[in-house]
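Novice: Sharing run.cif below, mmCIF, C-alpha atoms:
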data_data
#
loop_
_atom_site.label_atom_id
_atom_site.label_comp_id
_atom_site.auth_asym_id
_atom_site.auth_seq_id
_atom_site.Cartn_x
_atom_site.Cartn_y
_atom_site.Cartn_z
CA MET A 18 65.70 165.25 98.52
CA THR A 19 67.22 161.79 98.64
CA SER A 20 65.94 159.53 95.88
CA GLU A 21 65.48 156.18 97.58
CA PRO A 22 65.12 154.11 94.37
CA ALA A 23 68.28 155.69 92.93
CA VAL A 24 70.28 154.92 96.08
CA GLN A 25 68.89 151.38 96.25
CA LYS A 26 69.79 150.74 92.60
CA MET A 27 73.30 152.09 93.10
CA LEU A 28 73.89 149.90 96.18
CA ALA A 29 72.57 146.79 94.44
CA GLU A 30 75.17 147.30 91.71
CA GLU A 31 78.14 148.24 93.89
CA LEU A 32 77.84 146.32 97.15
CA PRO A 33 78.48 142.70 96.00
CA SER A 34 82.07 143.58 95.11
CA TRP A 35 82.58 146.20 97.85
CA LEU A 36 81.32 144.35 100.93
CA PRO A 37 83.87 141.49 101.00
CA ASN A 38 86.69 144.04 101.31
CA GLN A 39 85.29 145.61 104.49
CA ARG A 40 86.82 144.56 107.82
CA TRP A 41 83.43 144.37 109.49
CA PHE A 42 81.80 142.15 106.87
CA GLY A 43 81.17 138.72 108.36
CA GLY A 44 80.78 136.70 105.16
CA LYS A 45 84.26 136.67 103.65
CA ASP A 46 84.21 132.88 103.32
CA ARG A 47 81.84 132.88 100.31
CA PRO A 48 80.85 135.23 97.48
CA VAL A 49 78.01 137.72 97.78
CA THR A 50 75.16 136.51 95.61
CA GLU A 51 73.05 139.63 96.00
CA ALA A 52 72.94 142.75 98.17
CA ARG A 53 69.89 144.96 98.19
CA ALA A 54 68.94 148.01 100.23
CA VAL A 55 65.58 147.08 101.73
CA ARG A 56 65.12 150.53 103.30
CA VAL A 57 66.71 153.98 102.97
CA VAL A 58 65.98 156.67 105.59
CA PRO A 59 67.18 160.28 105.16
CA LEU A 60 68.84 161.61 108.32
CA LEU A 61 70.24 164.90 107.02
CA GLU A 62 69.29 166.70 103.81
CA GLY A 63 71.13 169.44 101.97
CA ASN A 64 74.87 169.52 101.42
CA PRO A 65 76.19 167.27 102.82
CA ARG A 66 73.54 164.57 102.91
CA LEU A 67 73.38 161.60 105.27
CA VAL A 68 71.15 158.58 104.79
CA HIS A 69 70.77 155.33 106.67
CA ALA A 70 70.42 152.10 104.67
CA LEU A 71 69.43 148.61 105.76
CA VAL A 72 71.06 146.14 103.39
CA GLU A 73 70.04 142.51 103.01
CA VAL A 74 72.99 140.38 101.91
CA LEU A 75 72.48 136.96 100.31
CA GLN A 76 75.29 134.40 100.16
CA GLU A 77 74.11 131.06 98.81
CA ASP A 78 71.89 129.73 101.65
CA ARG A 79 72.87 132.53 104.10
CA LYS A 80 71.02 135.81 104.61
CA ALA A 81 72.06 138.66 106.90
CA THR A 82 71.15 142.31 107.41
CA TYR A 83 73.78 145.04 107.68
CA GLN A 84 73.52 148.78 108.20
CA LEU A 85 75.29 151.44 106.17
CA LEU A 86 75.53 155.18 106.67
CA LEU A 87 75.93 156.92 103.33
CA GLY A 88 77.18 160.43 102.82
CA SER A 89 77.03 162.64 99.77
CA ARG A 90 78.58 166.04 98.95
CA GLU A 91 78.55 168.17 95.84
CA SER A 92 82.33 168.61 96.05
CA PRO A 93 83.76 166.03 98.44
CA PRO A 94 87.33 166.53 99.66
CA GLU A 95 89.92 164.11 98.32
CA TYR A 96 89.90 161.83 101.37
CA LEU A 97 86.12 161.40 100.90
CA SER A 98 86.28 160.82 97.15
CA GLY A 99 83.11 159.15 95.94
CA ILE A 100 83.15 155.39 96.06
CA TRP A 101 79.91 155.18 94.14
CA VAL A 102 78.25 157.48 91.62
CA GLY A 103 74.47 157.59 91.36
CA GLU A 104 72.42 157.93 88.19
CA ASP A 105 72.31 161.69 88.73
CA GLY A 106 76.12 161.86 88.84
CA ARG A 107 76.20 162.62 92.56
CA GLN A 108 79.01 160.94 94.50
CA TRP A 109 78.20 158.77 97.50
CA TYR A 110 80.51 157.24 100.07
CA GLU A 111 80.44 155.19 103.26
CA ALA A 112 79.99 158.00 105.77
CA ALA A 113 81.91 156.59 108.75
CA SER A 114 85.00 158.25 107.23
CA ASP A 115 83.36 161.70 107.31
CA PRO A 116 83.95 163.29 110.75
CA GLU A 117 81.52 166.14 110.09
CA LEU A 118 78.63 163.86 109.20
CA MET A 119 79.39 161.57 112.13
CA ALA A 120 79.00 164.58 114.42
CA PHE A 121 75.32 164.43 113.52
CA LEU A 122 74.94 161.09 115.33
CA LEU A 123 76.27 162.38 118.65
CA ASP A 124 74.12 165.50 118.46
CA ALA A 125 71.06 163.40 117.64
CA ILE A 126 71.66 161.25 120.74
CA ALA A 127 72.17 164.34 122.91
CA GLU A 128 68.88 165.79 121.64
CA THR A 129 67.01 162.42 121.60
CA GLN A 130 65.96 162.99 118.00
CA SER A 131 63.75 160.73 115.86
CA HIS A 132 64.00 160.29 112.10
CA GLY A 133 61.26 158.03 110.84
CA PRO A 134 61.81 154.61 112.45
CA ILE A 135 65.29 155.55 113.75
CA GLU A 136 65.30 156.85 117.32
CA PHE A 137 68.21 158.29 119.29
CA HIS A 138 68.25 157.73 123.06
CA ARG A 139 70.28 159.31 125.87
CA GLU A 140 70.64 157.74 129.30
CA PRO A 141 68.73 159.64 132.02
CA GLU A 142 70.80 162.21 133.91
CA VAL A 143 73.52 162.13 131.22
CA GLU A 144 74.55 165.43 129.63
CA LEU A 145 76.51 165.22 126.38
CA GLU A 146 78.75 167.82 124.79
CA GLN A 147 77.58 168.55 121.25
CA GLY A 148 79.40 169.59 118.11
CA LEU A 149 82.21 167.06 118.40
CA ARG A 150 83.38 165.35 115.22
CA GLY A 151 83.47 161.55 115.05
CA ARG A 152 86.76 159.87 114.12
CA ALA A 153 86.49 156.25 112.95
CA VAL A 154 88.65 153.64 114.69
CA THR A 155 90.43 151.84 111.87
CA SER A 156 91.29 148.70 113.86
CA GLU A 157 87.69 147.69 114.56
CA GLN A 158 86.60 144.43 112.96
CA SER A 159 83.01 143.23 113.31
CA ASN A 160 81.65 146.73 114.04
CA THR A 161 82.66 150.35 113.47
CA SER A 162 83.50 152.66 116.36
CA LEU A 163 83.67 156.46 116.31
CA ILE A 164 85.59 158.52 118.85
CA TYR A 165 84.36 162.01 119.80
CA GLY A 166 87.07 164.17 121.33
CA GLN A 167 88.39 162.49 124.46
CA GLN A 168 84.93 161.86 125.93
CA TYR A 169 82.79 159.41 123.96
CA ILE A 170 82.92 156.36 121.74
CA LEU A 171 79.98 155.28 119.58
CA LYS A 172 79.87 151.69 118.38
CA LEU A 173 77.83 151.12 115.22
CA PHE A 174 76.67 147.52 114.97
CA ARG A 175 77.20 146.48 111.36
CA LYS A 176 75.54 143.07 111.25
CA LEU A 177 72.14 143.48 112.85
CA SER A 178 70.17 141.05 114.99
CA ALA A 179 66.55 141.18 116.04
CA GLY A 180 65.77 143.06 119.24
CA PRO A 181 68.06 144.86 121.67
CA ASN A 182 71.75 144.12 121.15
CA PRO A 183 73.23 142.00 123.96
CA ASP A 184 76.14 144.44 124.33
CA LEU A 185 73.73 147.24 125.22
CA GLN A 186 71.60 145.06 127.50
CA MET A 187 74.59 143.77 129.45
CA HIS A 188 76.12 147.22 129.88
CA LEU A 189 72.85 148.67 131.13
CA ALA A 190 72.45 145.76 133.56
CA LEU A 191 76.01 146.13 134.85
CA ARG A 192 75.58 149.87 135.26
CA SER A 193 72.46 149.24 137.36
CA VAL A 194 74.56 147.42 140.00
CA GLY A 195 77.48 149.85 139.90
CA CYS A 196 79.98 147.63 138.10
CA GLU A 197 83.45 149.23 138.12
CA HIS A 198 84.89 147.18 135.27
CA ILE A 199 82.99 148.56 132.25
CA ALA A 200 82.96 151.78 130.24
CA GLN A 201 79.71 153.44 131.27
CA PRO A 202 76.86 153.42 128.69
CA LEU A 203 75.57 156.90 127.79
CA GLY A 204 73.01 156.35 125.01
CA TRP A 205 72.02 154.28 122.00
CA ILE A 206 70.40 154.29 118.56
CA ALA A 207 67.45 151.99 117.89
CA ASP A 208 65.37 150.97 114.90
CA GLU A 209 61.67 150.85 115.80
CA GLU A 210 60.57 148.98 112.66
CA GLY A 211 60.60 145.29 111.82
CA ASP A 212 62.85 143.29 114.13
CA ARG A 213 63.68 146.47 116.11
CA PRO A 214 67.45 146.02 116.16
CA THR A 215 69.90 148.17 118.10
CA LEU A 216 71.93 150.23 115.64
CA GLY A 217 74.55 151.78 117.92
CA MET A 218 75.69 152.31 121.51
CA LEU A 219 77.40 155.39 122.99
CA GLN A 220 79.84 154.90 125.87
CA GLN A 221 82.39 156.71 127.96
CA PHE A 222 85.72 156.84 126.11
CA LEU A 223 88.86 156.16 128.12
CA ALA A 224 91.75 157.82 126.32
CA ASP A 225 94.35 156.36 128.68
CA ALA A 226 93.27 152.75 128.13
CA ALA A 227 95.69 150.14 126.79
CA ASP A 228 94.51 147.12 124.82
CA GLY A 229 95.01 143.82 126.64
CA TRP A 230 96.17 141.98 123.53
CA ALA A 231 98.77 144.66 122.76
CA MET A 232 100.07 144.54 126.34
CA ALA A 233 100.28 140.74 126.37
CA THR A 234 102.00 140.39 123.01
CA ALA A 235 104.48 143.13 123.97
CA SER A 236 105.35 140.99 126.99
CA VAL A 237 105.85 137.96 124.74
CA ARG A 238 108.11 139.95 122.42
CA ASP A 239 110.20 141.03 125.41
CA LEU A 240 110.59 137.39 126.39
CA MET A 241 111.48 136.23 122.88
CA ALA A 242 114.18 138.91 122.71
CA GLU A 243 115.72 137.42 125.87
CA ALA A 244 114.99 133.75 125.23
CA ASP A 245 117.76 132.63 127.59
CA LEU A 246 115.76 134.11 130.49
CA HIS A 247 112.63 132.74 132.11
CA ALA A 248 109.33 134.60 131.87
CA PHE A 249 109.50 135.83 135.47
CA GLU A 250 112.98 137.26 134.87
CA VAL A 251 112.03 139.55 131.97
CA GLY A 252 111.10 143.16 132.64
CA GLY A 253 107.88 142.86 130.65
CA ASP A 254 106.49 140.02 132.78
CA PHE A 255 102.70 140.07 132.45
CA ALA A 256 101.75 137.77 135.34
CA GLY A 257 100.80 140.58 137.72
CA GLU A 258 98.42 142.03 135.16
CA ALA A 259 97.03 138.57 134.39
CA HIS A 260 96.27 138.13 138.09
CA ARG A 261 94.47 141.48 138.28
CA LEU A 262 92.59 140.68 135.08
CA GLY A 263 91.36 137.39 136.56
CA ALA A 264 90.03 139.26 139.58
CA ALA A 265 88.27 141.80 137.31
CA VAL A 266 86.58 139.07 135.25
CA ALA A 267 85.38 137.36 138.43
CA ALA A 268 83.99 140.67 139.70
CA VAL A 269 82.08 141.22 136.44
CA HIS A 270 80.66 137.69 136.65
CA ALA A 271 79.51 138.39 140.21
CA ASP A 272 77.90 141.68 139.11
CA LEU A 273 76.13 139.97 136.20
CA ALA A 274 74.77 137.34 138.57
CA ARG A 275 73.44 140.13 140.83
CA ALA A 276 71.96 142.14 137.97
CA LEU A 277 70.48 139.34 135.88
CA ASP A 278 70.29 136.44 138.36
CA SER A 279 71.80 132.96 138.18
CA ARG A 280 70.59 129.40 138.72
CA PRO A 281 71.98 125.92 139.36
CA VAL A 282 72.90 123.70 136.43
CA GLN A 283 69.92 121.55 135.49
CA ALA A 284 70.05 117.86 134.67
CA GLY A 285 71.22 117.28 131.12
CA GLU A 286 72.50 120.81 130.50
CA VAL A 287 76.15 119.77 130.43
CA ASP A 288 75.31 116.94 128.03
CA GLY A 289 73.44 119.45 125.87
CA ALA A 290 76.53 121.66 125.81
CA VAL A 291 78.65 118.66 124.79
CA ASP A 292 76.23 117.90 121.96
CA ALA A 293 76.65 121.50 120.76
CA MET A 294 80.45 121.05 120.80
CA HIS A 295 80.11 118.00 118.55
CA ARG A 296 77.81 119.91 116.17
CA ARG A 297 80.29 122.75 115.91
CA LEU A 298 83.08 120.27 115.23
CA ASP A 299 80.98 118.62 112.50
CA THR A 300 80.48 122.00 110.82
CA VAL A 301 84.15 123.02 110.96
CA LEU A 302 85.39 119.59 109.82
CA ALA A 303 83.33 120.01 106.67
CA VAL A 304 85.24 123.14 105.64
CA VAL A 305 88.69 122.76 107.26
CA PRO A 306 90.22 119.39 106.28
CA GLU A 307 93.35 120.03 108.42
CA LEU A 308 91.25 119.56 111.55
CA ALA A 309 90.43 115.94 110.69
CA GLU A 310 93.56 114.44 112.29
CA TYR A 311 92.42 115.80 115.68
CA GLU A 312 88.81 114.65 115.43
CA THR A 313 89.17 111.61 117.68
CA PRO A 314 90.96 113.33 120.61
CA LEU A 315 88.55 116.27 120.34
CA ARG A 316 85.48 114.08 120.53
CA THR A 317 87.02 112.11 123.40
CA ALA A 318 87.68 115.32 125.34
CA PHE A 319 84.14 116.56 124.69
CA ASP A 320 82.55 113.28 125.74
CA SER A 321 84.63 113.11 128.92
CA ALA A 322 82.61 116.10 130.15
CA ARG A 323 79.31 114.23 129.89
CA GLY A 324 77.73 113.68 133.26
CA VAL A 325 80.25 115.79 135.18
CA ASP A 326 79.04 118.28 137.75
CA GLY A 327 78.46 121.59 135.98
CA GLY A 328 80.45 123.09 138.81
CA VAL A 329 79.16 126.65 138.91
CA PRO A 330 75.72 128.26 138.52
CA ILE A 331 74.44 129.24 135.08
CA GLN A 332 74.25 132.98 134.43
CA HIS A 333 74.74 135.64 131.76
CA VAL A 334 78.38 135.93 130.75
CA HIS A 335 80.52 137.90 128.32
CA GLY A 336 80.40 135.12 125.72
CA ASP A 337 83.48 136.00 123.63
CA LEU A 338 86.11 136.90 126.19
CA HIS A 339 89.74 137.24 125.11
CA LEU A 340 92.61 139.69 125.50
CA GLY A 341 91.28 141.88 122.71
CA GLN A 342 88.08 142.43 124.72
CA VAL A 343 89.73 143.99 127.77
CA LEU A 344 91.29 147.40 128.40
CA ARG A 345 93.77 148.44 131.09
CA THR A 346 93.22 151.90 132.55
CA VAL A 347 94.96 153.67 135.42
CA ASN A 348 92.16 152.38 137.66
CA GLY A 349 92.19 148.74 136.56
CA TRP A 350 90.86 146.37 133.91
CA LEU A 351 87.65 146.93 131.94
CA LEU A 352 85.68 144.40 129.86
CA ILE A 353 84.22 145.55 126.53
CA ASP A 354 82.07 144.13 123.71
CA PHE A 355 79.50 141.93 125.45
CA GLU A 356 77.97 140.75 122.15
CA GLY A 357 79.10 137.12 122.36
CA GLU A 358 80.59 135.16 119.47
CA PRO A 359 79.78 137.11 116.28
CA ALA A 360 79.01 133.95 114.30
CA ALA A 361 76.66 132.46 116.91
CA PRO A 362 72.87 132.88 116.58
CA LEU A 363 71.31 135.54 118.81
CA SER A 364 69.45 132.95 120.90
CA GLU A 365 72.77 131.37 121.85
CA ARG A 366 74.52 134.67 122.51
CA THR A 367 71.80 135.87 124.90
CA ALA A 368 71.27 132.59 126.77
CA PRO A 369 72.63 132.11 130.32
CA ARG A 370 75.75 129.95 130.29
CA SER A 371 78.53 128.76 132.55
CA PRO A 372 81.07 131.45 133.51
CA LEU A 373 83.67 128.77 132.80
CA ARG A 374 83.13 129.61 129.10
CA ASP A 375 84.60 133.06 129.66
CA VAL A 376 87.47 131.59 131.65
CA ALA A 377 88.18 129.11 128.83
CA GLY A 378 88.13 131.94 126.28
CA MET A 379 90.70 133.93 128.22
CA LEU A 380 92.92 130.89 128.76
CA ARG A 381 92.86 130.29 125.01
CA SER A 382 93.79 133.92 124.45
CA PHE A 383 96.89 133.66 126.64
CA ASP A 384 97.95 130.61 124.65
CA TYR A 385 97.26 132.49 121.40
CA ALA A 386 99.31 135.49 122.47
CA ALA A 387 102.22 133.27 123.48
CA HIS A 388 102.48 131.37 120.21
CA GLN A 389 101.38 133.81 117.49
CA LEU A 390 104.87 135.30 117.14
CA LEU A 391 106.23 131.87 116.17
CA VAL A 392 103.91 131.43 113.19
CA GLY A 393 105.79 131.47 109.89
CA GLN A 394 109.17 131.42 111.64
CA PRO A 395 111.82 128.67 111.46
CA GLU A 396 111.36 126.08 114.18
CA ASP A 397 113.21 127.16 117.34
CA HIS A 398 113.00 124.86 120.35
CA GLN A 399 114.13 127.52 122.81
CA LEU A 400 111.48 130.00 121.67
CA ALA A 401 108.81 127.30 121.73
CA VAL A 402 109.74 126.44 125.33
CA ARG A 403 109.58 130.10 126.34
CA ALA A 404 106.20 130.56 124.63
CA ARG A 405 104.77 127.60 126.53
CA GLU A 406 106.26 128.90 129.77
CA TRP A 407 104.75 132.37 129.22
CA SER A 408 101.36 130.83 128.49
CA ASP A 409 101.40 128.55 131.54
CA ARG A 410 102.56 131.34 133.85
CA ASN A 411 99.88 133.80 132.79
CA ARG A 412 97.08 131.26 132.60
CA GLY A 413 97.90 130.27 136.16
CA ALA A 414 98.07 133.88 137.35
CA PHE A 415 94.70 134.63 135.74
CA CYS A 416 93.05 131.67 137.48
CA ASP A 417 94.65 132.65 140.80
CA GLY A 418 93.19 136.16 140.53
CA TYR A 419 89.80 134.80 139.47
CA ALA A 420 89.70 132.34 142.38
CA GLU A 421 90.43 135.08 144.93
CA VAL A 422 87.29 137.05 143.96
CA SER A 423 84.79 134.57 142.53
CA PRO A 424 82.20 133.08 144.90
CA ASN A 425 82.47 129.95 142.73
CA GLY A 426 86.10 129.35 143.64
CA ASP A 427 88.98 128.21 141.45
CA PRO A 428 87.95 127.36 137.86
CA ARG A 429 90.74 124.75 137.70
CA GLU A 430 88.72 122.61 140.09
CA HIS A 431 86.49 121.82 137.08
CA GLU A 432 89.33 120.59 134.90
CA VAL A 433 87.43 118.19 132.63
CA LEU A 434 84.70 120.67 131.68
CA LEU A 435 87.14 123.56 131.40
CA ARG A 436 89.34 121.55 129.03
CA ALA A 437 86.36 120.66 126.84
CA LEU A 438 85.32 124.32 126.72
CA GLU A 439 88.85 125.37 125.78
CA LEU A 440 88.96 122.91 122.92
CA ASP A 441 85.51 123.98 121.73
CA LYS A 442 86.77 127.57 121.65
CA ALA A 443 89.83 126.45 119.67
CA VAL A 444 87.58 124.76 117.10
CA TYR A 445 85.73 128.06 116.73
CA GLU A 446 89.07 129.80 116.21
CA VAL A 447 89.94 127.33 113.45
CA SER A 448 86.71 128.24 111.67
CA TYR A 449 87.29 131.97 112.13
CA GLU A 450 90.89 131.92 110.91
CA HIS A 451 90.02 129.73 107.94
CA ALA A 452 87.41 132.27 106.83
CA ASN A 453 89.27 135.48 107.65
CA ARG A 454 93.03 134.89 108.06
CA PRO A 455 93.99 131.54 106.51
CA ASP A 456 97.68 132.03 107.34
CA TRP A 457 96.79 132.03 111.03
CA VAL A 458 94.83 128.77 111.12
CA GLN A 459 97.93 126.93 112.32
CA ILE A 460 97.76 128.79 115.65
CA PRO A 461 94.55 127.15 116.94
CA LEU A 462 95.43 123.85 115.22
CA ALA A 463 98.73 123.69 117.10
CA SER A 464 96.93 124.58 120.32
CA ILE A 465 94.43 121.77 119.78
CA ALA A 466 97.31 119.37 119.26
CA ARG A 467 98.88 120.47 122.55
CA ILE A 468 95.70 120.51 124.63
CA ALA A 469 94.24 117.31 123.19
CA SER A 470 97.45 115.38 123.82
#
I need this file expressed as structure tokens, please.
Specialist:
Amino acid sequence: MTSEPAVQKMLAEELPSWLPNQRWFGGKDRPVTEARAVRVVPLLEGNPRLVHALVEVLQEDRKATYQLLLGSRESPPEYLSGIWVGEDGRQWYEAASDPELMAFLLDAIAETQSHGPIEFHREPEVELEQGLRGRAVTSEQSNTSLIYGQQYILKLFRKLSAGPNPDLQMHLALRSVGCEHIAQPLGWIADEEGDRPTLGMLQQFLADAADGWAMATASVRDLMAEADLHAFEVGGDFAGEAHRLGAAVAAVHADLARALDSRPVQAGEVDGAVDAMHRRLDTVLAVVPELAEYETPLRTAFDSARGVDGGVPIQHVHGDLHLGQVLRTVNGWLLIDFEGEPAAPLSERTAPRSPLRDVAGMLRSFDYAAHQLLVGQPEDHQLAVRAREWSDRNRGAFCDGYAEVSPNGDPREHEVLLRALELDKAVYEVSYEHANRPDWVQIPLASIARIAS
């Protein structure tokens, strides 16, 4: 049987140095003071073993809860060589890399199993094929996803929040109104103790899907290779896809409004949003000194939105929309990962907001895609002109597509608020890059300089 105290002791010793090296760990900006397993639940006994651990991570004044799946074998194959060794000499490892053990999770969802406080749920009328091994997606960042054959993808939420995860809630709501622009939800894993967090979500896997960021940056590379041509003259022109993507985002917004309702902007709500922009700027200024030279134009742009008409009804939105959160299939564009900004508190991520926030996020992403290839390169005026042209062309095409479908019309009609939301998103990007990819912080800083001027 699994010895909970032995596993907890081992994790307390090993995790402070191991966690900061994991892609999904959200606290890379400061050292781990302490990490302790507050609960260990056996899921599978014998050889191999599988246990679920809730880990509380302390970082100075910050505390967060993460989940780990731990595997153990008497003689693990080389690719599963033990990361940690318990007091009894048994080797343990992070089990997402073990396809056989990850097969257990799919089977447990198919059979709606329960293991102590951990419950596995399957959507009604869904039949799942069992016995498929789970292959971890290595490119995932804030979570870990497992692919089963060509049919399913299971997202394990690493950093846990109280209550149902917004990604699951939004997908279930969109499914209820027949939304065509999502991967259909099939089941989920829930913790029925304490804060009752969602642990994972199973969805339809679309093997033919192409990542929006990869498609967009490939288009930019094509343009940079032919810098004497205009964006519309290059074979990899992305504007048609940007137009279709805008229409898809507008359709999802309309479906969310149907599924979860919407309401008019109330007096003072825009001013409250502007106050939140200033608070975010205060926080980022304290840790990123390079942002200071743009403080005045940023605050001016934020304050210019005070008192303006909110423009469109308040509703539930994606919350962290960018080119990396969309997939292109043979049937059109899909939106994924409805969790909202990973660093934002749950109350903010689940609150109804203006759909213009999603539009601003996607506009920022087009600008990001256009200029990221220039970072670290010698200054080249021609390439800079082409990058700006690509960005403007695709931003415009996206808004054109959005305006054709959205009942709220063209988002560019709300220029002052949209600009403030774009800059607020760029400030968030500065904070993210500073903590995770310091070499990239110049991308959002340069964008702020362009937009604010």
Novice: Kindly extract all protein, DNA and RNA residues lying within 8 Å of the coordinates (70.9, 152.8, 115.9) given in the file, considering only C-alpha atoms, and supply them as an mmCIF file with C-alpha atoms, in the coordinates of the input.
Specialist:
data_model
loop_
_atom_site.group_PDB
_atom_site.id
_atom_site.type_symbol
_atom_site.label_atom_id
_atom_site.label_comp_id
_atom_site.auth_asym_id
_atom_site.auth_seq_id
_atom_site.Cartn_x
_atom_site.Cartn_y
_atom_site.Cartn_z
ATOM 1 C CA ILE A 135 65.290 155.550 113.750
ATOM 2 C CA GLU A 136 65.300 156.850 117.320
ATOM 3 C CA PHE A 137 68.210 158.290 119.290
ATOM 4 C CA LEU A 173 77.830 151.120 115.220
ATOM 5 C CA PHE A 174 76.670 147.520 114.970
ATOM 6 C CA TRP A 205 72.020 154.280 122.000
ATOM 7 C CA ILE A 206 70.400 154.290 118.560
ATOM 8 C CA ALA A 207 67.450 151.990 117.890
ATOM 9 C CA ASP A 208 65.370 150.970 114.900
ATOM 10 C CA PRO A 214 67.450 146.020 116.160
ATOM 11 C CA THR A 215 69.900 148.170 118.100
ATOM 12 C CA LEU A 216 71.930 150.230 115.640
ATOM 13 C CA GLY A 217 74.550 151.780 117.920
ATOM 14 C CA MET A 218 75.690 152.310 121.510
#
Novice: Report, in Å with one decimal, the straight-line distance from CA of Ile468 (chain A) to CA of Trp407 (chain A).
Specialist: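 Distance between the two atoms: 15.6 Å.
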Novice: Could I get the residues of region 128-244 of chain A with an atom no further than 9 Å from an atom of region 340-344 of chain A, each paired with its nearest atom pair and that distance in Å to one decimal, using all atoms listed in the file, sorted by chain and residue number, as a tab-separated table?
Specialist:
residue	atom	partner	partner_atom	distance
A:Ala226	CA	A:Leu344	CA	5.7
A:Ala227	CA	A:Leu344	CA	5.4
A:Asp228	CA	A:Leu344	CA	4.8
A:Gly229	CA	A:Leu340	CA	4.9
A:Trp230	CA	A:Leu340	CA	4.7
A:Ala231	CA	A:Gly341	CA	8.0
A:Met232	CA	A:Leu340	CA	8.9
A:Ala233	CA	A:Leu340	CA	7.8
Novice: Would you save the residues from that selection as a PDB file, in the coordinates of the input, using C-alpha atoms?
Specialist:
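Contents of the output file result02.pdb:
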ATOM      1  CA  ALA A 226      93.270 152.750 128.130  1.00  0.00           C
ATOM      2  CA  ALA A 227      95.690 150.140 126.790  1.00  0.00           C
ATOM      3  CA  ASP A 228      94.510 147.120 124.820  1.00  0.00           C
ATOM      4  CA  GLY A 229      95.010 143.820 126.640  1.00  0.00           C
ATOM      5  CA  TRP A 230      96.170 141.980 123.530  1.00  0.00           C
ATOM      6  CA  ALA A 231      98.770 144.660 122.760  1.00  0.00           C
ATOM      7  CA  MET A 232     100.070 144.540 126.340  1.00  0.00           C
ATOM      8  CA  ALA A 233     100.280 140.740 126.370  1.00  0.00           C
TER       9      ALA A 233
END
Novice: Go through the shown structure with the PyMOL selection byres ((chain A and resi 152) around 7) and write out the matching residues as a PyMOL selection string.
Specialist: chain A and resi 116+150-151+153-154+163-165
Novice: As a PyMOL selection string, please: the residues near Ile465 (chain A) (cut-off 8 Å, all atoms listed in the file, same-chain neighbours under 6 positions excluded).
Specialist: chain A and resi 311+440+443-444
Novice: Skip Gly349 (chain A) itself and residues of its chain fewer than 6 positions away, then list as a PyMOL selection string all residues within 10 Å of it, counting all atoms listed in the file.
Specialist: chain A and resi 197-198+226+258+261-262+265
Novice: Can you work out which one of A:Ala368, A:Ala386, A:Val49, A:Ala81 has the shortest atom-to-atom distance to Ser279 (chain A), counting all atoms listed in the file?
Specialist: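 Result for the nearest residue to Ser279 (chain A): A:Ala368.
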Novice: Could you give me, as a PDB file with C-alpha atoms, keeping the file's coordinate frame, the residues within 12 Å of Ala309 (chain A), counting only C-alpha atoms and dropping anything in the same chain fewer than 5 positions from it?
Specialist:
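Just written: out-v9.pdb:
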ATOM      1  CA  LEU A 298      83.080 120.270 115.230  1.00  0.00           C
ATOM      2  CA  ASP A 299      80.980 118.620 112.500  1.00  0.00           C
ATOM      3  CA  THR A 300      80.480 122.000 110.820  1.00  0.00           C
ATOM      4  CA  VAL A 301      84.150 123.020 110.960  1.00  0.00           C
ATOM      5  CA  LEU A 302      85.390 119.590 109.820  1.00  0.00           C
ATOM      6  CA  ALA A 303      83.330 120.010 106.670  1.00  0.00           C
ATOM      7  CA  VAL A 304      85.240 123.140 105.640  1.00  0.00           C
ATOM      8  CA  PRO A 314      90.960 113.330 120.610  1.00  0.00           C
ATOM      9  CA  LEU A 315      88.550 116.270 120.340  1.00  0.00           C
ATOM     10  CA  ARG A 316      85.480 114.080 120.530  1.00  0.00           C
ATOM     11  CA  VAL A 444      87.580 124.760 117.100  1.00  0.00           C
ATOM     12  CA  VAL A 447      89.940 127.330 113.450  1.00  0.00           C
ATOM     13  CA  LEU A 462      95.430 123.850 115.220  1.00  0.00           C
ATOM     14  CA  ILE A 465      94.430 121.770 119.780  1.00  0.00           C
ATOM     15  CA  ALA A 466      97.310 119.370 119.260  1.00  0.00           C
TER      16      ALA A 466
END
Novice: From the list A:Ile126, A:Val282, A:Val68, A:Val237, which residue is nearest Ser371 (chain A) when using only C-alpha atoms?
Specialist: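 Among the listed residues, A:Val282 lies closest to Ser371 (chain A).
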Novice: What residues come out when you apply the PyMOL selection byres ((chain A and resi 25-38) around 12) to this file, written as an MDAnalysis selection string?
Specialist: chainID A and resid 19:24 39:58 68:76 83:87 100:111 158 175:176 452:453
Novice: Care to translate the PyMOL selection byres ((chain A and resi 365) around 12) into actual residues of this file, as a PyMOL selection string?
Specialist: chain A and resi 183+290+293+333-334+336-337+356-364+366-370
Novice: What does the distance from CA of Val376 (chain A) to CA of Leu171 (chain A) come to in Å, to one decimal?
Specialist: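 CA of Leu171 (chain A) lies at a distance of 27.6 Å from CA of Val376 (chain A).
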Novice: Hey, what's within 7 Å of Ser236 (chain A) if we count all atoms listed in the file and toss same-chain stuff fewer than 5 positions away? As a list in words, please?
Specialist: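 The contact residues come out as Gly253, Asp254 and Phe255 of chain A.
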Novice: Suppose you want the space between CA of Ser448 (chain A) and CA of Leu391 (chain A); what is it in Å?
Specialist: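 Value for the CA of Ser448 (chain A)-CA of Leu391 (chain A) distance: 20.4 Å.
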Novice: Would you pick out the contacts of Gln283 (chain A) at 12 Å or less, using only C-alpha atoms, so that residues sharing its chain but fewer than 2 positions from it are not included, and give the list as a list in words?
Specialist: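 Once the adjacent positions are removed, what remains is Ser279, Arg280, Pro281, Gly285, Glu286, Val287, Asp288, Gly289, Ala290, Gly324, Val325, Asp326, Gly327, Gly328, Val329, Pro330, Ile331, Arg370 and Ser371 of chain A.
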